[in-house]
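See below for the structure under consideration.
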Amino acid sequence: MRLEDISAVLLASGLARRFGGDKLMARLNDAPVLQHAAKALEDLPFLQKIAVVGADQAGRRRLLEARGWTIVDNPSPESGQGASLALGAQAALNGPGEAVLIALGDMPFAPGAHYAALGAALAGDVQAAMTVSQDIPMPPAVFRTDVSASLVKLGGDRGARAVFDRLDTTQTVPLSPHLAKDVDTREDLRSAEAAHG
């Protein structure tokens, strides 16, 4: 599938309780973690670029708006990733497009080539494609719009895999562990800086 027919949704409203501060705005080498995650998507010709941000997360909002993202407010970030995903999926489905790609703001190293490979995996009758790293399915993932309505029904901490596992025709796209790394703690940030500095 062409990326021009896919809406990209970046989940960026997490509360980062394990980090002890705003992990998405923490500096990773030359830029905030969130900026690294956003840039990999910005360099690709997605139909829409939608970011879900907490209503009180002004720094994240400013960063993404300045870079051309459409912002969807999450009034209850404490409700978990599933609720954030549902908001983003609904915004994407309100517009045109044939698929919805879900990405995470705390995955700064997933490259544009990987997002492109996920889109390309939606060939034939494939309903969804999900990343796999070290045999573990994980975001980012992409879903055709005819199955994306299930994403809108998510809540709590139920993520995209809860929908992916119920589908009949799926693909996985491998991603090396160092590129699949997310930033949850300050130690994660330090090790990421060391590995990618």
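By order of appearance in the structure tokens: chains A, B, ..., then residues from 1 within every chain, and ligands from 1 in the order shown.
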
Picked from region 17-160 of chain A by DSSP as strand (DSSP E or B), as a PyMOL selection string: chain A and resi 27-28+31-32+48-54+70-74+99-104+128-133+136-144

Write out as a VMD selection string which residues come within 9 Å of Thr145 (chain A) when counting only C-alpha atoms, dropping same-chain ones fewer than 6 positions away. chain A and resid 93 97 to 100 127

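Nearest to Ala37 (chain A) of all the residues A:Gly88, A:Lys49, A:Ala103, A:Glu4 is A:Ala103, counting only C-alpha atoms.
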
Which polymer residues have any atom within 8 Å of an atom of Val152 (chain A), counting only C-alpha atoms, with same-chain residues fewer than 3 positions away left out, as number ranges by chain? A: 85-87, 89-90, 148-149

Those of region 68-132 of chain A in DSSP alpha helix (DSSP H), formatted as a list in words: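 These are the residues in question: Gln81, Gly82, Ala83, Ser84, Leu85, Ala86, Leu87, Gly88, Ala89, Gln90, Ala91, Ala92, Leu93, Gly112, Ala113, His114, Tyr115, Ala116, Ala117, Leu118, Gly119 and Ala120 of chain A.
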
Who sits within 9 Å of Pro174 (chain A), only C-alpha atoms, same chain under 3 positions skipped, as a PyMOL selection string: chain A and resi 114+130-135

Fewer than 3 positions away in the same chain doesn't count, so skip those; otherwise give me all residues within 10 Å of Arg67 (chain A), counting only C-alpha atoms, as JSON, numbers by chain. {"A": [35, 38, 39, 42, 61, 62, 63, 64, 70]}

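The space between CA of Leu24 (chain A) and CA of Pro77 (chain A) spans 13.9 Å.
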
For Glu78 (chain A), which residue out of A:Met107, A:Leu15, A:Ala26, A:Leu10 is the nearest one, using only C-alpha atoms?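 Smallest distance to Glu78 (chain A) is found for A:Leu15.
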
Show which residues sit within 8 Å of Ser13 (chain A), as number ranges by chain. Count only C-alpha atoms, and ignore same-chain residues fewer than 3 positions away. A: 52-54, 57, 74, 77, 84

Restricting to only C-alpha atoms, whichever of A:Val126, A:Leu104, A:Val33, A:Met25 is closest to Ala8 (chain A) is A:Leu104

Extract, using only C-alpha atoms, all DNA, RNA and protein residues at most 12 Å from Ser191 (chain A), discarding same-chain residues fewer than 4 positions from it, and format them as a list in words.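 Within the cut-off, the hits are Leu28, Asn29, His178, Lys181, Asp182, Val183, Asp184, Thr185, Arg186, Glu187, Ala195, His196 and Gly197 of chain A.
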
Restricting the output to N, CA and C atoms, write the selected residues as a JSON list (two decimals), in the first residue's frame.
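Result file follows (selection-v6.json):
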[["chain", "number", "residue", "atom", "x", "y", "z"],
["A", 28, "LEU", "N", 17.66, 13.76, 24.14],
["A", 28, "LEU", "CA", 18.40, 12.58, 23.69],
["A", 28, "LEU", "C", 19.39, 13.07, 22.65],
["A", 29, "ASN", "N", 20.63, 13.18, 23.07],
["A", 29, "ASN", "CA", 21.67, 13.76, 22.24],
["A", 29, "ASN", "C", 21.28, 15.18, 21.81],
["A", 178, "HIS", "N", 18.04, -2.86, 18.88],
["A", 178, "HIS", "CA", 18.53, -1.52, 19.23],
["A", 178, "HIS", "C", 17.69, -0.42, 18.59],
["A", 181, "LYS", "N", 14.13, -0.13, 20.63],
["A", 181, "LYS", "CA", 14.23, 0.32, 22.03],
["A", 181, "LYS", "C", 13.32, 1.50, 22.31],
["A", 182, "ASP", "N", 12.61, 1.44, 23.43],
["A", 182, "ASP", "CA", 11.84, 2.60, 23.86],
["A", 182, "ASP", "C", 12.49, 3.20, 25.10],
["A", 183, "VAL", "N", 12.04, 4.37, 25.48],
["A", 183, "VAL", "CA", 12.60, 5.09, 26.63],
["A", 183, "VAL", "C", 11.53, 5.14, 27.71],
["A", 184, "ASP", "N", 11.70, 4.32, 28.74],
["A", 184, "ASP", "CA", 10.76, 4.30, 29.85],
["A", 184, "ASP", "C", 11.35, 4.86, 31.14],
["A", 185, "THR", "N", 12.66, 4.73, 31.29],
["A", 185, "THR", "CA", 13.32, 5.16, 32.52],
["A", 185, "THR", "C", 14.53, 6.04, 32.17],
["A", 186, "ARG", "N", 15.09, 6.68, 33.18],
["A", 186, "ARG", "CA", 16.28, 7.49, 32.94],
["A", 186, "ARG", "C", 17.47, 6.62, 32.55],
["A", 187, "GLU", "N", 17.50, 5.40, 33.04],
["A", 187, "GLU", "CA", 18.55, 4.48, 32.63],
["A", 187, "GLU", "C", 18.41, 4.13, 31.15],
["A", 195, "ALA", "N", 24.44, 4.31, 23.16],
["A", 195, "ALA", "CA", 24.40, 3.46, 21.98],
["A", 195, "ALA", "C", 24.26, 4.23, 20.68],
["A", 196, "HIS", "N", 23.62, 5.39, 20.74],
["A", 196, "HIS", "CA", 23.31, 6.13, 19.52],
["A", 196, "HIS", "C", 23.95, 7.52, 19.50],
["A", 197, "GLY", "N", 24.86, 7.77, 20.42],
["A", 197, "GLY", "CA", 25.48, 9.08, 20.49],
["A", 197, "GLY", "C", 26.42, 9.36, 19.32]]

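Going from CA of Asp165 (chain A) to CA of Ile71 (chain A) covers 28.6 Å.
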
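Of the listed residues A:Ala66, A:Leu34, A:Val9, A:Leu122, the one whose atoms come nearest to Pro140 (chain A) is A:Val9, with distances taken using only C-alpha atoms.
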